[in-house]
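Everything below belongs to input20.cif, which stores mmCIF, C-alpha atoms.
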data_final
loop_
_atom_site.label_atom_id
_atom_site.label_comp_id
_atom_site.auth_asym_id
_atom_site.auth_seq_id
_atom_site.Cartn_x
_atom_site.Cartn_y
_atom_site.Cartn_z
CA MET A 1 -32.50 13.41 16.99
CA LEU A 2 -31.68 14.41 20.55
CA SER A 3 -32.16 18.13 21.10
CA PRO A 4 -29.54 20.69 22.01
CA GLY A 5 -29.42 21.07 25.78
CA THR A 6 -29.71 17.29 26.33
CA ALA A 7 -26.90 15.46 28.09
CA ALA A 8 -25.09 13.31 25.52
CA PRO A 9 -25.71 9.64 26.40
CA ASN A 10 -22.52 7.89 27.38
CA PHE A 11 -21.23 4.91 25.41
CA GLU A 12 -18.20 2.72 25.05
CA LEU A 13 -17.17 1.48 21.60
CA TYR A 14 -14.14 0.03 19.88
CA ALA A 15 -11.94 2.69 18.26
CA THR A 16 -9.22 0.27 17.20
CA PRO A 17 -9.19 -3.53 17.04
CA ASP A 18 -8.12 -3.72 20.69
CA GLN A 19 -9.04 -0.40 22.27
CA LYS A 20 -12.35 1.04 23.39
CA ILE A 21 -13.26 4.69 23.89
CA LYS A 22 -15.76 5.96 26.45
CA LEU A 23 -17.46 9.23 25.62
CA ASN A 24 -17.35 10.45 29.22
CA GLU A 25 -13.58 10.00 29.31
CA LEU A 26 -13.30 12.65 26.60
CA ARG A 27 -14.39 15.61 28.72
CA ASN A 28 -12.65 19.01 28.60
CA ARG A 29 -12.93 19.18 24.85
CA LYS A 30 -15.76 19.45 22.43
CA ILE A 31 -16.71 16.33 20.52
CA ILE A 32 -18.11 16.25 17.03
CA LEU A 33 -19.96 12.96 16.53
CA ALA A 34 -20.37 12.12 12.86
CA PHE A 35 -22.71 9.18 12.33
CA TYR A 36 -22.46 7.84 8.79
CA PRO A 37 -23.95 4.88 6.90
CA ALA A 38 -21.02 2.81 5.70
CA ASP A 39 -17.26 2.55 5.31
CA TRP A 40 -16.13 2.60 1.66
CA SER A 41 -19.34 4.04 0.23
CA PRO A 42 -18.79 7.05 -2.06
CA VAL A 43 -20.50 9.80 -0.06
CA CYS A 44 -19.10 8.64 3.28
CA ASP A 45 -15.69 8.45 1.74
CA ASP A 46 -15.89 12.09 0.57
CA GLN A 47 -17.30 13.22 3.88
CA MET A 48 -14.67 11.51 6.04
CA SER A 49 -11.85 12.55 3.70
CA LEU A 50 -13.00 16.14 4.04
CA TYR A 51 -13.11 15.91 7.85
CA ASN A 52 -9.64 14.41 7.75
CA GLU A 53 -8.36 17.74 6.43
CA MET A 54 -10.18 19.67 9.13
CA GLY A 55 -8.15 18.68 12.19
CA LYS A 56 -6.52 22.06 12.70
CA TYR A 57 -9.78 23.96 12.17
CA PHE A 58 -11.52 21.80 14.77
CA ALA A 59 -8.53 22.05 17.11
CA ARG A 60 -8.85 25.86 17.12
CA HIS A 61 -12.13 25.29 18.92
CA ASN A 62 -10.76 22.56 21.15
CA ALA A 63 -12.88 20.05 19.28
CA GLN A 64 -12.24 16.45 18.27
CA LEU A 65 -14.12 14.70 15.50
CA ILE A 66 -15.20 11.07 15.87
CA GLY A 67 -16.87 8.99 13.15
CA ILE A 68 -19.39 6.26 14.01
CA SER A 69 -20.94 3.57 11.85
CA VAL A 70 -22.17 0.01 12.32
CA ASP A 71 -19.15 -1.40 10.45
CA SER A 72 -16.86 -3.77 12.30
CA LYS A 73 -13.63 -2.62 13.93
CA TRP A 74 -11.66 -4.44 11.24
CA SER A 75 -13.50 -2.68 8.45
CA HIS A 76 -12.81 0.63 10.22
CA PHE A 77 -9.18 -0.33 10.64
CA ALA A 78 -8.78 -0.99 6.91
CA PHE A 79 -10.82 2.06 5.86
CA ALA A 80 -8.85 4.39 8.14
CA GLU A 81 -5.53 2.95 7.08
CA HIS A 82 -6.35 3.13 3.40
CA ARG A 83 -7.57 6.73 3.58
CA LYS A 84 -4.96 7.80 6.16
CA PHE A 85 -7.57 9.10 8.58
CA HIS A 86 -6.24 10.98 11.58
CA PHE A 87 -9.33 10.68 13.75
CA PRO A 88 -11.04 7.68 15.34
CA LEU A 89 -13.82 5.64 13.76
CA LEU A 90 -16.01 3.90 16.31
CA SER A 91 -17.67 0.59 15.67
CA ASP A 92 -21.34 0.49 16.69
CA PHE A 93 -21.33 -3.18 15.86
CA GLU A 94 -22.49 -5.25 18.84
CA PRO A 95 -25.27 -4.88 19.75
CA LYS A 96 -25.62 -3.48 16.27
CA GLY A 97 -26.55 0.19 16.13
CA GLU A 98 -27.15 0.48 19.88
CA VAL A 99 -25.44 3.85 20.14
CA ALA A 100 -27.09 5.15 16.98
CA ARG A 101 -30.45 4.21 18.51
CA LEU A 102 -29.50 5.99 21.71
CA TYR A 103 -28.83 9.13 19.63
CA GLU A 104 -31.99 8.56 17.56
CA VAL A 105 -30.14 8.26 14.26
CA TYR A 106 -30.53 4.56 13.44
CA ASP A 107 -32.15 3.68 10.13
CA GLU A 108 -34.20 0.52 10.73
CA GLY A 109 -34.81 0.04 7.01
CA THR A 110 -31.18 -0.19 5.97
CA GLY A 111 -29.68 -1.29 9.27
CA GLU A 112 -27.19 1.58 9.08
CA CYS A 113 -26.66 4.88 10.85
CA GLN A 114 -28.24 7.92 9.31
CA ARG A 115 -25.93 10.69 8.16
CA ALA A 116 -26.09 12.82 11.28
CA LEU A 117 -23.90 15.24 13.19
CA TYR A 118 -23.80 16.24 16.85
CA VAL A 119 -21.59 18.81 18.56
CA ILE A 120 -21.14 18.09 22.27
CA ASP A 121 -19.56 20.65 24.58
CA GLU A 122 -16.85 20.20 27.21
CA LYS A 123 -19.44 19.30 29.84
CA GLY A 124 -21.06 16.60 27.76
CA ILE A 125 -24.11 18.61 26.71
CA ILE A 126 -25.38 18.39 23.12
CA ARG A 127 -25.22 21.88 21.65
CA TRP A 128 -25.98 21.35 17.95
CA ASN A 129 -27.37 18.63 15.74
CA PHE A 130 -27.89 18.13 12.04
CA LEU A 131 -29.49 15.37 10.00
CA SER A 132 -28.38 15.25 6.39
CA PRO A 133 -30.22 13.46 3.59
CA VAL A 134 -28.42 10.12 3.35
CA GLY A 135 -27.06 10.78 -0.14
CA ILE A 136 -25.72 14.26 0.67
CA ASN A 137 -22.40 15.03 2.22
CA PRO A 138 -23.13 17.83 4.72
CA GLY A 139 -19.62 19.28 4.46
CA ALA A 140 -18.07 21.05 7.42
CA ASP A 141 -19.50 24.57 7.30
CA GLY A 142 -22.36 23.76 9.69
CA ILE A 143 -19.97 22.24 12.23
CA LEU A 144 -17.65 25.25 12.08
CA ASN A 145 -20.54 27.68 12.48
CA ALA A 146 -21.77 25.74 15.52
CA LEU A 147 -18.27 25.67 17.06
CA GLU A 148 -17.88 29.39 16.47
CA GLU A 149 -21.20 30.18 18.09
CA LEU A 150 -20.17 28.17 21.14
CA SER A 151 -16.86 30.04 21.35
CA THR A 152 -18.66 33.39 21.06
CA LEU A 153 -21.12 32.44 23.78
CA LYS A 154 -18.29 31.46 26.06
CA THR A 155 -16.52 34.79 25.48
CA VAL A 156 -19.74 36.70 26.21
CA ASN A 157 -20.36 34.75 29.42
CA GLN A 158 -16.88 35.48 30.68
CA MET B 1 -28.47 26.26 -1.12
CA ASN B 2 -24.86 27.06 -0.27
CA GLN B 3 -23.52 30.44 -1.24
CA LEU B 4 -19.98 31.37 -2.09
CA ILE B 5 -18.84 33.04 1.14
CA ARG B 6 -15.86 34.92 -0.27
CA PRO B 7 -16.84 36.74 -3.46
CA ILE B 8 -14.43 36.83 -6.37
CA ASN B 9 -11.71 39.34 -5.58
CA ASN B 10 -8.26 40.55 -6.58
CA ASN B 11 -6.51 37.66 -4.85
CA ASP B 12 -8.24 35.19 -7.13
CA GLN B 13 -6.85 33.64 -10.28
CA ILE B 14 -9.36 34.86 -12.83
CA TRP B 15 -9.72 33.83 -16.45
CA GLY B 16 -11.88 35.81 -18.83
CA ASP B 17 -13.84 39.00 -19.01
CA ALA B 18 -14.41 40.95 -15.78
CA ASN B 19 -17.85 41.98 -17.06
CA ALA B 20 -18.98 38.51 -18.10
CA PRO B 21 -22.56 37.72 -17.02
CA LEU B 22 -21.55 34.23 -15.85
CA GLU B 23 -19.10 33.45 -13.06
CA LEU B 24 -17.85 29.92 -12.62
CA VAL B 25 -15.73 29.19 -9.55
CA GLU B 26 -14.08 25.81 -9.20
CA TYR B 27 -12.64 24.50 -5.95
CA GLY B 28 -10.14 21.93 -7.11
CA ASP B 29 -7.18 19.75 -6.22
CA TYR B 30 -4.40 19.12 -8.77
CA GLU B 31 -3.95 15.53 -7.65
CA CYS B 32 -7.64 14.63 -7.60
CA PRO B 33 -8.63 12.33 -10.48
CA TYR B 34 -12.14 13.82 -10.68
CA CYS B 35 -10.68 17.31 -11.07
CA GLY B 36 -8.42 15.87 -13.75
CA ARG B 37 -11.51 14.62 -15.57
CA ALA B 38 -13.28 17.95 -15.15
CA TYR B 39 -10.30 19.91 -16.47
CA PRO B 40 -10.82 19.36 -20.23
CA MET B 41 -14.57 19.86 -19.78
CA VAL B 42 -14.02 23.22 -18.14
CA LYS B 43 -11.58 24.20 -20.87
CA GLU B 44 -14.17 23.34 -23.49
CA ILE B 45 -16.80 25.36 -21.62
CA LEU B 46 -14.44 28.36 -21.55
CA ARG B 47 -13.91 28.03 -25.28
CA ILE B 48 -17.61 27.79 -26.09
CA LEU B 49 -18.89 30.49 -23.74
CA GLY B 50 -16.04 32.88 -24.50
CA SER B 51 -16.67 36.39 -23.22
CA ASP B 52 -19.90 35.33 -21.50
CA LEU B 53 -17.96 33.55 -18.77
CA ARG B 54 -15.26 34.30 -16.30
CA PHE B 55 -13.64 31.44 -14.49
CA VAL B 56 -11.92 31.36 -11.13
CA PHE B 57 -9.86 28.46 -9.82
CA ARG B 58 -9.50 28.20 -6.04
CA ASN B 59 -7.32 25.65 -4.33
CA PHE B 60 -8.88 22.87 -2.28
CA PRO B 61 -6.05 20.38 -1.78
CA LEU B 62 -7.00 17.26 0.17
CA SER B 63 -3.48 16.85 1.45
CA ARG B 64 -3.94 13.69 3.48
CA ILE B 65 -5.06 11.58 0.53
CA HIS B 66 -3.18 13.56 -2.12
CA PRO B 67 0.31 14.20 -0.80
CA HIS B 68 1.37 16.35 -3.78
CA ALA B 69 -1.76 18.45 -3.99
CA PHE B 70 -0.72 21.24 -1.66
CA SER B 71 2.73 21.78 -3.17
CA ALA B 72 1.21 21.68 -6.67
CA ALA B 73 -1.25 24.39 -5.63
CA VAL B 74 1.60 26.53 -4.32
CA ALA B 75 3.51 25.92 -7.57
CA ALA B 76 0.62 27.30 -9.62
CA GLU B 77 0.46 30.35 -7.37
CA ALA B 78 4.23 30.78 -7.70
CA ALA B 79 3.91 30.64 -11.50
CA ALA B 80 1.23 33.34 -11.18
CA ARG B 81 3.90 35.66 -9.80
CA GLN B 82 5.53 35.40 -13.21
CA GLY B 83 2.25 35.79 -15.04
CA GLN B 84 1.83 32.10 -15.88
CA PHE B 85 -0.79 30.78 -13.51
CA TRP B 86 -3.03 29.27 -16.17
CA GLU B 87 -0.13 27.75 -18.06
CA MET B 88 1.05 26.00 -14.88
CA HIS B 89 -2.53 25.07 -13.92
CA ASP B 90 -2.90 23.30 -17.29
CA ILE B 91 0.41 21.47 -17.08
CA LEU B 92 -0.37 20.24 -13.56
CA PHE B 93 -3.71 18.82 -14.62
CA GLU B 94 -2.14 17.25 -17.69
CA HIS B 95 0.52 15.53 -15.56
CA GLN B 96 -1.39 14.50 -12.45
CA MET B 97 0.64 11.34 -11.96
CA THR B 98 3.97 13.17 -11.86
CA LEU B 99 3.80 16.00 -9.35
CA GLU B 100 7.04 15.50 -7.45
CA LYS B 101 9.18 18.55 -6.76
CA GLY B 102 11.55 17.64 -9.61
CA ASP B 103 8.62 17.39 -12.04
CA ILE B 104 7.30 20.77 -10.97
CA LEU B 105 10.71 22.35 -11.62
CA LEU B 106 10.73 20.75 -15.07
CA PHE B 107 7.29 22.22 -15.77
CA ALA B 108 8.51 25.63 -14.64
CA GLY B 109 11.50 25.27 -16.93
CA SER B 110 9.32 24.33 -19.88
CA LEU B 111 7.27 27.49 -19.30
CA GLY B 112 10.46 29.55 -19.35
CA LEU B 113 10.02 30.74 -15.78
CA ASP B 114 12.92 32.26 -13.86
CA ILE B 115 13.73 29.12 -11.87
CA ALA B 116 15.63 30.77 -9.04
CA ARG B 117 12.75 33.11 -8.42
CA PHE B 118 10.21 30.32 -8.80
CA LYS B 119 12.04 28.15 -6.25
CA ASP B 120 12.16 31.06 -3.87
CA ASP B 121 8.45 31.72 -4.32
CA LEU B 122 7.62 28.07 -3.55
CA GLU B 123 8.81 28.74 0.00
CA GLN B 124 6.95 32.01 0.43
CA LYS B 125 4.55 32.04 3.35
CA ALA B 126 2.25 34.39 1.46
CA LEU B 127 1.60 31.73 -1.17
CA ILE B 128 1.09 28.99 1.40
CA ASP B 129 -1.35 31.30 3.20
CA LYS B 130 -3.14 31.95 -0.09
CA VAL B 131 -3.70 28.23 -0.66
CA GLU B 132 -4.90 27.79 2.92
CA ALA B 133 -7.22 30.77 2.64
CA ASP B 134 -8.71 29.30 -0.53
CA PHE B 135 -9.27 26.02 1.29
CA GLU B 136 -10.91 27.73 4.25
CA SER B 137 -13.19 29.82 2.04
CA GLY B 138 -14.25 26.56 0.40
CA ILE B 139 -15.04 24.91 3.72
CA ARG B 140 -17.09 27.94 4.77
CA SER B 141 -18.96 27.87 1.49
CA GLY B 142 -19.93 24.22 1.93
CA VAL B 143 -17.44 22.60 -0.42
CA ASN B 144 -17.72 18.90 0.35
CA ARG B 145 -15.77 17.23 -2.47
CA THR B 146 -13.60 18.13 -5.41
CA PRO B 147 -14.32 19.54 -7.80
CA THR B 148 -17.09 21.73 -6.40
CA PHE B 149 -18.46 24.47 -8.64
CA PHE B 150 -20.22 27.73 -7.84
CA ILE B 151 -22.16 29.49 -10.57
CA ASN B 152 -22.86 33.17 -10.00
CA GLY B 153 -22.24 32.63 -6.30
CA LYS B 154 -24.46 29.57 -5.83
CA LYS B 155 -23.19 26.07 -5.27
CA TYR B 156 -23.85 23.78 -8.22
CA GLU B 157 -25.37 20.63 -6.74
CA GLY B 158 -25.86 18.72 -9.97
CA GLU B 159 -23.68 16.23 -11.77
CA TRP B 160 -20.93 17.47 -14.07
CA SER B 161 -19.19 14.30 -15.25
CA GLY B 162 -21.60 13.64 -18.12
CA GLY B 163 -21.26 17.12 -19.60
CA GLN B 164 -24.20 18.63 -17.67
CA LEU B 165 -22.34 21.79 -16.69
CA LEU B 166 -22.43 23.51 -20.07
CA PRO B 167 -26.19 23.24 -20.64
CA TYR B 168 -26.77 24.37 -17.06
CA LEU B 169 -24.54 27.41 -17.56
CA MET B 170 -26.40 28.21 -20.76
CA THR B 171 -29.70 28.10 -18.88
CA VAL B 172 -28.34 30.46 -16.24
CA LEU B 173 -27.00 32.71 -18.99
CA SER B 174 -30.38 32.94 -20.66
CA GLU B 175 -32.05 33.73 -17.30
CA VAL B 176 -29.47 36.38 -16.49
CA SER B 177 -29.75 37.89 -19.98
CA SER B 178 -33.54 38.03 -19.86
CA THR B 179 -33.70 39.66 -16.41
CA GLY B 180 -30.71 41.90 -17.04
CA ILE B 181 -29.23 41.04 -13.64
CA ALA B 182 -25.66 39.94 -13.95
#

Translate the structure described by the file into structure tokens.
Amino acid sequence: MLSPGTAAPNFELYATPDQKIKLNELRNRKIILAFYPADWSPVCDDQMSLYNEMGKYFARHNAQLIGISVDSKWSHFAFAEHRKFHFPLLSDFEPKGEVARLYEVYDEGTGECQRALYVIDEKGIIRWNFLSPVGINPGADGILNALEELSTLKTVNQ
Amino acid sequence: MNQLIRPINNNDQIWGDANAPLELVEYGDYECPYCGRAYPMVKEILRILGSDLRFVFRNFPLSRIHPHAFSAAVAAEAAARQGQFWEMHDILFEHQMTLEKGDILLFAGSLGLDIARFKDDLEQKALIDKVEADFESGIRSGVNRTPTFFINGKKYEGEWSGGQLLPYLMTVLSEVSSTGIA
């Protein structure tokens, strides 16, 4: 994985069937990038459903969560609608897995993203990363701890 | 290994003996089908382990996918104010498909609760805060699905749906008994 302190590589991916998101247009807030293997699979489903409840906890730290997998935008659209997700799912579909490769979390064997988390600060610098075993939902405690540490650092520096 | 961040305390809904050598904490959601499946298993475990186990139920409503889960959690906490938390907890799990407000009031009526007081308590911020605090303690402790169990403060990572929880608890009980550390 890319190390903390590295500038987060920019990318542009579909977030809805007709709209793309560029990472570097999301400055001035922290971004939690959650790479996951596949829409509809049991562990991913649990993980994304958990994050869906976390909006206000992430918002306290001025952070926005974004999911990324190699599924198509239409699969994402159906998955998000069915599960009532309130955060974007990006489609790393063409060229397949290009962004996951850029972030060093592409699984060549399965052709899917690994289950990996990055926290990126307001300036676009990676501040935390975590690679979970593919069958294990990493929960949200690690993300919250990382966000809290960043908030504490900021307070100290001021 | 994830640890239970907020130890069992007076704000918790606790079943069983305060001095029991085993502590089982469940983070659950009244509208979650898996929690519904776990419910009779946990009841059976409580019956078998008796005074060796105390059980705590903490709320972890996944409100976006289960629109009735949060209000059901508040309803159980409101019933607790009239000393009937576990009675309401049981009814909710036994009627997971009917958790509308009207159903909840019927359940309260069947338990003989003071309905005016119960209705008033459903709106109390303190109870809403309690449910949210339970949820947050779960997040901080690494809860990643429902139900999630903690046994003597440690997250149980194994399967439970095939009845694995009871033998595991018995193993922990024998370890605790042999070392004398509760």

Once the PyMOL selection byres ((chain B and resi 70-78) around 10) has been applied to the shown file, what residues remain in the selection, as a PyMOL selection string?
-> chain B and resi 12-13+28-31+58-64+66-69+79-93+96+99-101+104-105+107-108+113+117-132

Would you work out the distance separating atom CA of Arg54 of chain B from atom CA of Gly153 of chain B, expressed in Å to one decimal?
->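 If I compute the distance from atom CA of Arg54 of chain B to atom CA of Gly153 of chain B, I get 12.3 Å.
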
Kindly give the distance, in Å, that separates atom CA of Ile21 of chain A and atom CA of Pro42 of chain A, rounded to a single decimal.
-> 26.6 Å

Rank nothing, just name the residue among A:Tyr14, A:Leu150, A:Asp45, A:Gly124 nearest to Arg145 of chain B, using only C-alpha atoms.
-> A:Asp45

Evaluate the PyMOL selection byres ((chain B) within 7 of (chain A)) and record the selected residues as a PyMOL selection string, following the chain and residue labels used in the document.
-> chain B and resi 62+64-65+139-145

I'd like the contact shell of Thr16 of chain A - 9 Å cut-off, all atoms listed in the file, skipping same-chain residues fewer than 6 positions apart - returned as a CSV table (one decimal) with C-alpha atoms, in the coordinates of the input.
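File produced: part.csv:
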chain,number,residue,atom,x,y,z
A,73,LYS,CA,-13.6,-2.6,13.9
A,74,TRP,CA,-11.7,-4.4,11.2
A,76,HIS,CA,-12.8,0.6,10.2
A,77,PHE,CA,-9.2,-0.3,10.6
A,88,PRO,CA,-11.0,7.7,15.3
A,89,LEU,CA,-13.8,5.6,13.8
A,90,LEU,CA,-16.0,3.9,16.3
A,91,SER,CA,-17.7,0.6,15.7

Quick check on the file I pasted: which residues fall under the PyMOL selection byres ((chain A and resi 7) around 6)? Write them as a PDB file with C-alpha atoms, in the coordinates of the input.
ATOM      1  CA  THR A   6     -29.710  17.290  26.330  1.00  0.00           C
ATOM      2  CA  ALA A   8     -25.090  13.310  25.520  1.00  0.00           C
ATOM      3  CA  GLY A 124     -21.060  16.600  27.760  1.00  0.00           C
ATOM      4  CA  ILE A 125     -24.110  18.610  26.710  1.00  0.00           C
ATOM      5  CA  ILE A 126     -25.380  18.390  23.120  1.00  0.00           C
TER       6      ILE A 126
END

Residue nearest Gly163 of chain B among B:Met41, B:Leu4, B:Leu24, B:Ile48 (counting only C-alpha atoms) =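 The closest residue to Gly163 of chain B is B:Met41.
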
Measure the distance from atom CA of Asp52 of chain B to atom CA of Ile5 of chain B in Å and round it to one decimal.
->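 Going from atom CA of Asp52 of chain B over to atom CA of Ile5 of chain B covers 22.8 Å.
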
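Of the listed residues A:Glu122, A:Glu112, A:Glu149, A:Glu104, the one whose atoms come nearest to Glu25 of chain A is A:Glu122, with distances taken using all atoms listed in the file.
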
Any idea what's packed within 9 Å of Tyr118 of chain A, counting all atoms listed in the file, ignoring anything in its chain fewer than 2 positions away? Could you give it as a PyMOL selection string?
-> chain A and resi 2+4+31-35+116+120+126-131+143

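If all atoms listed in the file are the atoms counted, then among B:Glu94, B:Glu175, B:Asp134, B:Asp103 the closest residue to Asn152 of chain B is B:Glu175.
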
Given 4 Å of margin on each side, can you work out the centre and size in Å (one decimal) of an axis-aligned box holding every listed atom of segment 110-115 of chain B, as AutoDock Vina command-line options?
--center_x 10.5 --center_y 28.3 --center_z -15.9 --size_x 14.5 --size_y 15.9 --size_z 16.0

Could you pull the residues within 7 Å of Val105 of chain A, counting only C-alpha atoms, minus those fewer than 3 positions along the same chain, as a list in words?
->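 The filter keeps Met1, Ala100, Arg101, Cys113, Gln114 and Ala116 of chain A.
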
Would you export the selected residues with C-alpha atoms as a compact mmCIF listing (two decimals), in the coordinates of the input, please?
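What ended up in again-v2.txt:
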# COMPACT_ATOMS: atom_id res chain seq x y z
CA MET A 1 -32.50 13.41 16.99
CA ALA A 100 -27.09 5.15 16.98
CA ARG A 101 -30.45 4.21 18.51
CA CYS A 113 -26.66 4.88 10.85
CA GLN A 114 -28.24 7.92 9.31
CA ALA A 116 -26.09 12.82 11.28

Write out as a list of chain:residue names which residues come within 8 Å of segment 154-156 of chain B when counting all atoms listed in the file, dropping same-chain ones fewer than 6 positions away.
-> B:Met1, B:Asn2, B:Gln3, B:Leu4, B:Thr148

Go ahead and write the selection's residues with C-alpha atoms as a short mmCIF file (atom, residue, chain, number, x, y, z; two decimals), in the frame of the given file.
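New file out.cif:
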data_model
loop_
_atom_site.label_atom_id
_atom_site.label_comp_id
_atom_site.auth_asym_id
_atom_site.auth_seq_id
_atom_site.Cartn_x
_atom_site.Cartn_y
_atom_site.Cartn_z
CA MET B 1 -28.47 26.26 -1.12
CA ASN B 2 -24.86 27.06 -0.27
CA GLN B 3 -23.52 30.44 -1.24
CA LEU B 4 -19.98 31.37 -2.09
CA THR B 148 -17.09 21.73 -6.40
#

Which polymer residues have any atom within 10 Å of an atom of Asn62 of chain A, counting only C-alpha atoms, with same-chain residues fewer than 6 positions away left out, as a list in words?
-> Asn28, Arg29, Lys30, Ile31, Lys56, Asp121, Glu122, Leu147 and Ser151 of chain A
